[in-house]
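Visitor: Structure file coords.cif, mmCIF, C-alpha atoms, is pasted below:
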```
data_start
#
loop_
_atom_site.label_atom_id
_atom_site.label_comp_id
_atom_site.auth_asym_id
_atom_site.auth_seq_id
_atom_site.Cartn_x
_atom_site.Cartn_y
_atom_site.Cartn_z
CA MET A 1 44.88 -9.57 79.81
CA LEU A 2 46.77 -6.80 78.00
CA VAL A 3 44.15 -4.25 79.01
CA TYR A 4 44.41 -5.38 82.62
CA ARG A 5 48.19 -4.89 82.69
CA ARG A 6 47.92 -1.46 81.13
CA TRP A 7 45.30 -0.48 83.68
CA ARG A 8 47.34 -1.88 86.62
CA LYS A 9 50.34 0.34 86.00
CA TYR A 10 48.32 3.30 87.26
CA PRO A 11 47.86 3.67 91.04
CA ARG A 12 44.74 2.04 92.48
CA ASN A 13 43.49 4.53 95.05
CA SER A 14 43.85 8.24 95.78
CA GLU A 15 46.66 7.76 98.33
CA GLU A 16 48.79 5.90 95.78
CA ARG A 17 48.04 8.60 93.17
CA ILE A 18 49.10 11.39 95.54
CA SER A 19 52.24 9.51 96.53
CA SER A 20 53.08 8.86 92.89
CA LEU A 21 52.45 12.52 92.00
CA LYS A 22 54.72 13.70 94.84
CA ARG A 23 57.52 11.39 93.68
CA THR A 24 57.16 12.61 90.10
CA VAL A 25 57.14 16.30 91.03
CA ILE A 26 60.10 15.97 93.41
CA HIS A 27 62.04 13.99 90.80
CA GLN A 28 61.38 16.62 88.11
CA LEU A 29 62.29 19.53 90.39
CA LEU A 30 65.54 17.98 91.59
CA HIS A 31 66.63 17.41 88.00
CA ASP A 32 65.89 21.03 86.99
CA THR A 33 69.17 22.94 87.33
CA ARG A 34 67.47 26.35 87.63
CA PHE A 35 65.35 25.15 90.54
CA VAL A 36 68.34 23.62 92.29
CA ILE A 37 70.47 26.77 91.88
CA CYS A 38 67.69 29.14 93.00
CA GLY A 39 66.65 26.89 95.87
CA THR A 40 70.22 26.58 97.10
CA THR A 41 70.70 30.35 96.92
CA ILE A 42 67.50 31.03 98.86
CA LEU A 43 68.38 28.44 101.50
CA PHE A 44 71.85 29.99 101.81
CA LEU A 45 70.37 33.47 102.32
CA ILE A 46 67.89 32.18 104.89
CA CYS A 47 70.67 30.44 106.84
CA LEU A 48 72.80 33.57 106.55
CA ALA A 49 69.99 35.69 107.96
CA ILE A 50 69.19 33.29 110.80
CA PHE A 51 72.79 32.89 111.92
CA ALA A 52 73.87 36.50 111.23
CA PRO A 53 75.15 37.17 114.78
CA TYR A 54 77.46 34.15 114.52
CA ILE A 55 78.60 34.65 110.91
CA ALA A 56 79.14 38.42 110.72
CA PRO A 57 82.72 39.36 111.60
CA TYR A 58 81.71 42.68 113.26
CA ASP A 59 78.65 44.26 114.80
CA TYR A 60 76.59 45.98 112.08
CA ALA A 61 76.40 49.28 114.00
CA GLU A 62 79.95 49.34 115.38
CA GLY A 63 81.81 52.21 113.77
CA ASN A 64 85.43 53.28 113.72
CA PHE A 65 85.97 56.72 112.23
CA GLN A 66 89.68 56.07 111.79
CA ALA A 67 88.85 53.18 109.46
CA SER A 68 86.31 55.01 107.30
CA TYR A 69 86.30 54.30 103.55
CA GLU A 70 88.80 51.45 103.86
CA LYS A 71 89.34 49.37 100.77
CA PRO A 72 88.52 45.65 100.84
CA SER A 73 91.18 43.74 102.76
CA SER A 74 91.60 40.61 104.84
CA LYS A 75 90.29 42.53 107.86
CA HIS A 76 87.22 43.97 106.08
CA TRP A 77 86.35 41.80 103.08
CA PHE A 78 83.98 44.33 101.48
CA GLY A 79 85.64 47.42 102.98
CA THR A 80 84.07 50.00 105.27
CA ASP A 81 81.60 52.83 104.82
CA PHE A 82 81.87 56.52 105.74
CA MET A 83 81.45 55.76 109.46
CA GLY A 84 83.97 52.92 109.48
CA ARG A 85 81.35 50.18 109.71
CA ASP A 86 82.10 46.84 108.07
CA VAL A 87 80.09 46.53 104.84
CA LEU A 88 80.01 42.71 104.87
CA SER A 89 78.48 42.67 108.35
CA ARG A 90 75.88 45.22 107.30
CA ILE A 91 74.97 43.15 104.23
CA ILE A 92 74.63 39.98 106.32
CA TYR A 93 72.39 41.70 108.87
CA GLY A 94 70.49 43.43 106.06
CA ALA A 95 69.53 40.03 104.66
CA ARG A 96 67.36 39.53 107.76
CA ILE A 97 65.31 42.64 107.05
CA SER A 98 65.04 41.95 103.32
CA LEU A 99 63.84 38.39 103.83
CA ALA A 100 61.41 39.45 106.56
CA VAL A 101 59.90 42.14 104.32
CA GLY A 102 59.61 39.69 101.42
CA PHE A 103 58.00 36.94 103.50
CA LEU A 104 55.63 39.33 105.27
CA GLY A 105 54.62 40.90 101.97
CA ALA A 106 53.89 37.49 100.44
CA LEU A 107 52.07 36.34 103.58
CA SER A 108 49.88 39.45 103.71
CA SER A 109 49.04 39.10 99.99
CA PHE A 110 48.17 35.45 100.58
CA ILE A 111 45.93 36.23 103.56
CA ILE A 112 44.12 39.08 101.80
CA GLY A 113 43.70 37.07 98.59
CA VAL A 114 42.40 33.96 100.32
CA SER A 115 40.02 36.02 102.48
CA LEU A 116 38.56 37.95 99.55
CA GLY A 117 38.40 34.81 97.40
CA THR A 118 36.63 32.91 100.16
CA LEU A 119 34.09 35.69 100.67
CA SER A 120 33.53 35.92 96.94
CA GLY A 121 33.11 32.16 96.61
CA ILE A 122 30.78 31.77 99.58
CA TYR A 123 28.44 34.69 98.96
CA GLY A 124 28.76 35.14 95.19
CA GLY A 125 26.40 37.52 93.37
CA ARG A 126 26.73 41.15 94.42
CA VAL A 127 29.50 40.49 96.93
CA ASP A 128 31.54 38.83 94.19
CA THR A 129 30.91 41.75 91.84
CA VAL A 130 31.88 44.34 94.46
CA ILE A 131 35.09 42.47 95.36
CA MET A 132 36.03 42.08 91.69
CA ARG A 133 35.44 45.78 90.96
CA PHE A 134 37.58 46.68 94.00
CA VAL A 135 40.37 44.42 92.72
CA ASP A 136 40.07 45.96 89.23
CA ILE A 137 40.43 49.46 90.72
CA VAL A 138 43.50 48.42 92.73
CA TYR A 139 45.10 46.87 89.63
CA ALA A 140 44.32 50.00 87.58
CA PHE A 141 46.35 52.25 89.94
CA PRO A 142 50.03 52.65 89.13
CA ASN A 143 52.13 51.29 92.00
CA LEU A 144 54.11 54.50 92.55
CA LEU A 145 50.95 56.61 92.78
CA PHE A 146 49.47 54.11 95.26
CA ILE A 147 52.61 54.22 97.45
CA ILE A 148 52.60 58.04 97.47
CA LEU A 149 48.90 58.01 98.41
CA LEU A 150 49.57 55.58 101.29
CA MET A 151 52.50 57.72 102.49
CA VAL A 152 50.32 60.83 102.59
CA VAL A 153 47.46 59.08 104.38
CA PHE A 154 49.57 57.29 106.98
CA LYS A 155 51.93 60.21 107.63
CA SER A 156 49.05 62.57 108.33
CA ALA A 157 47.12 60.01 110.40
CA VAL A 158 49.98 58.58 112.45
CA PHE A 159 52.40 61.45 112.86
CA THR A 160 50.37 64.25 114.40
CA GLU A 161 51.35 66.57 117.23
CA SER A 162 49.66 64.40 119.87
CA MET A 163 51.53 61.22 119.09
CA ASN A 164 53.51 58.82 121.20
CA PRO A 165 57.26 59.29 121.76
CA VAL A 166 58.26 56.61 119.24
CA GLY A 167 56.19 58.28 116.52
CA ARG A 168 57.71 61.64 117.43
CA VAL A 169 61.23 60.25 117.08
CA ILE A 170 60.42 58.68 113.71
CA SER A 171 58.86 61.94 112.57
CA GLU A 172 61.98 63.86 113.62
CA ILE A 173 64.21 61.42 111.74
CA ASP A 174 61.97 61.79 108.68
CA SER A 175 62.15 65.58 108.91
CA ALA A 176 65.93 65.50 109.31
CA LEU A 177 66.24 63.31 106.22
CA GLY A 178 64.04 65.63 104.21
CA GLY A 179 61.05 63.27 104.06
CA ILE A 180 62.97 60.46 102.39
CA LEU A 181 62.33 57.92 105.19
CA PHE A 182 58.78 57.22 104.05
CA ILE A 183 59.92 56.91 100.45
CA LEU A 184 62.49 54.31 101.50
CA ILE A 185 59.90 52.45 103.57
CA GLY A 186 57.35 52.54 100.75
#
```
Starting from the file, give its structure as structure tokens.

Guide:
Amino acid sequence: MLVYRRWRKYPRNSEERISSLKRTVIHQLLHDTRFVICGTTILFLICLAIFAPYIAPYDYAEGNFQASYEKPSSKHWFGTDFMGRDVLSRIIYGARISLAVGFLGALSSFIIGVSLGTLSGIYGGRVDTVIMRFVDIVYAFPNLLFIILLMVVFKSAVFTESMNPVGRVISEIDSALGGILFILIG
């Protein structure tokens, strides 16, 4: 009888096991202060980015040259920049771009990794070896060198003389900034 009771405390079928595992994991995460603080911060930033037009006190691009380099005050909580734009509004709107870049980067890594892993798992053998050697080569490259290589390849391929008007404008902006636009993007 004792053995039966000990055995009965564990879930009977797979659905009960999964449900029990979910409850345990959620319970442990909610009692971990680091998880709660980080999760709350991320949720706050996501809400800030989604509702930026309603939260930001000013338009991010609206400038007032008479109010340039203002110190923080009740009117401009973080002050203004050299063009008189509100810094707090620019930070709130900038959260949208930062979160979008982070999520798209993670999503693209996920898609590429799952695709290569699936191909490697399905075909195995030589395909697996080729994929693994390719991944080893990518990991062997320093990140900065890889970014510079991508900038050179994409700038020469995309921004030629016979490009569309949008590409021409971006190329002109890059030239005016001394080539720093692609470094900032990379």

Visitor: At a cut-off of 10 Å, using all atoms listed in the file, what residues contact Ser89 of chain A? Leave out same-chain residues fewer than 6 positions from it and give the result as a ChimeraX atom specification.

Guide: /A:52-53,55-62,76-78,80

Visitor: Check the smallest atom-to-atom distance from each of A:Val152, A:Leu107, A:Cys47, A:Leu144 to Ile92 of chain A using only C-alpha atoms, then report the winner.

Guide: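 That would be A:Cys47, the residue with the smallest distance to Ile92 of chain A.
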
Visitor: Counting only C-alpha atoms, which residue out of A:Leu29, A:Ala67, A:Leu99, A:Leu48 sits closest to Gly84 of chain A?

Guide: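 Smallest distance to Gly84 of chain A is found for A:Ala67.
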
Visitor: Please indicate the distance in Å from atom CA of Asp86 of chain A to atom CA of Ala100 of chain A, rounded to one decimal place.

Guide: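 These atoms are spaced 22.0 Å apart.
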
Visitor: What is the atom CA of Phe44 of chain A-atom CA of Ile97 of chain A distance in Å, reported with one decimal?

Guide: 15.2 Å

Visitor: Atom CA of Val130 of chain A and atom CA of Ser115 of chain A, how far apart in Å?

Guide: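 These atoms are spaced 14.1 Å apart.
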
Visitor: From the set A:Gly79, A:Arg23, A:Phe103, A:Glu70, which residue has the shortest atom-to-atom contact distance to Ile46 of chain A, counting all atoms listed in the file?

Guide: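 Comparing A:Gly79, A:Arg23, A:Phe103, A:Glu70 against Ile46 of chain A, the winner is A:Phe103.
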
Visitor: So that I can check the surroundings of Phe65 of chain A, please list as a PyMOL selection string every protein, DNA and RNA residue that reaches within 10 Å of it, counting all atoms listed in the file and ignoring chain neighbours fewer than 2 positions away.

Guide: chain A and resi 63+67-69+80-85

Visitor: So which one's closest to Phe134 of chain A, A:Asn64, A:Thr40, A:Ser120, A:Ser20? Using all atoms listed in the file, please.

Guide: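 Among A:Asn64, A:Thr40, A:Ser120, A:Ser20, it is A:Ser120 that comes nearest to Phe134 of chain A.
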
Visitor: Between A:Leu104, A:Val135, A:Val25, A:Leu45, which residue has the minimum interatomic distance to Leu116 of chain A, considering all atoms listed in the file?

Guide: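 That would be A:Val135, the residue with the smallest distance to Leu116 of chain A.
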
Visitor: Rank A:Leu145, A:Ile112, A:Leu150, A:Ala95 by their smallest atom-to-atom distance to Ile50 of chain A, using only C-alpha atoms, and report the top residue only.

Guide: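 Of the candidates, the smallest distance to Ile50 of chain A is held by A:Ala95.
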
Visitor: To box segment 122-127 of chain A, take all atoms listed in the file, fit an axis-aligned box, add 6 Å on each side, and give centre and edge lengths in Å to one decimal, as AutoDock Vina command-line options.

Guide:
```
--center_x 28.6 --center_y 36.5 --center_z 96.5 --size_x 16.4 --size_y 21.4 --size_z 18.2
```
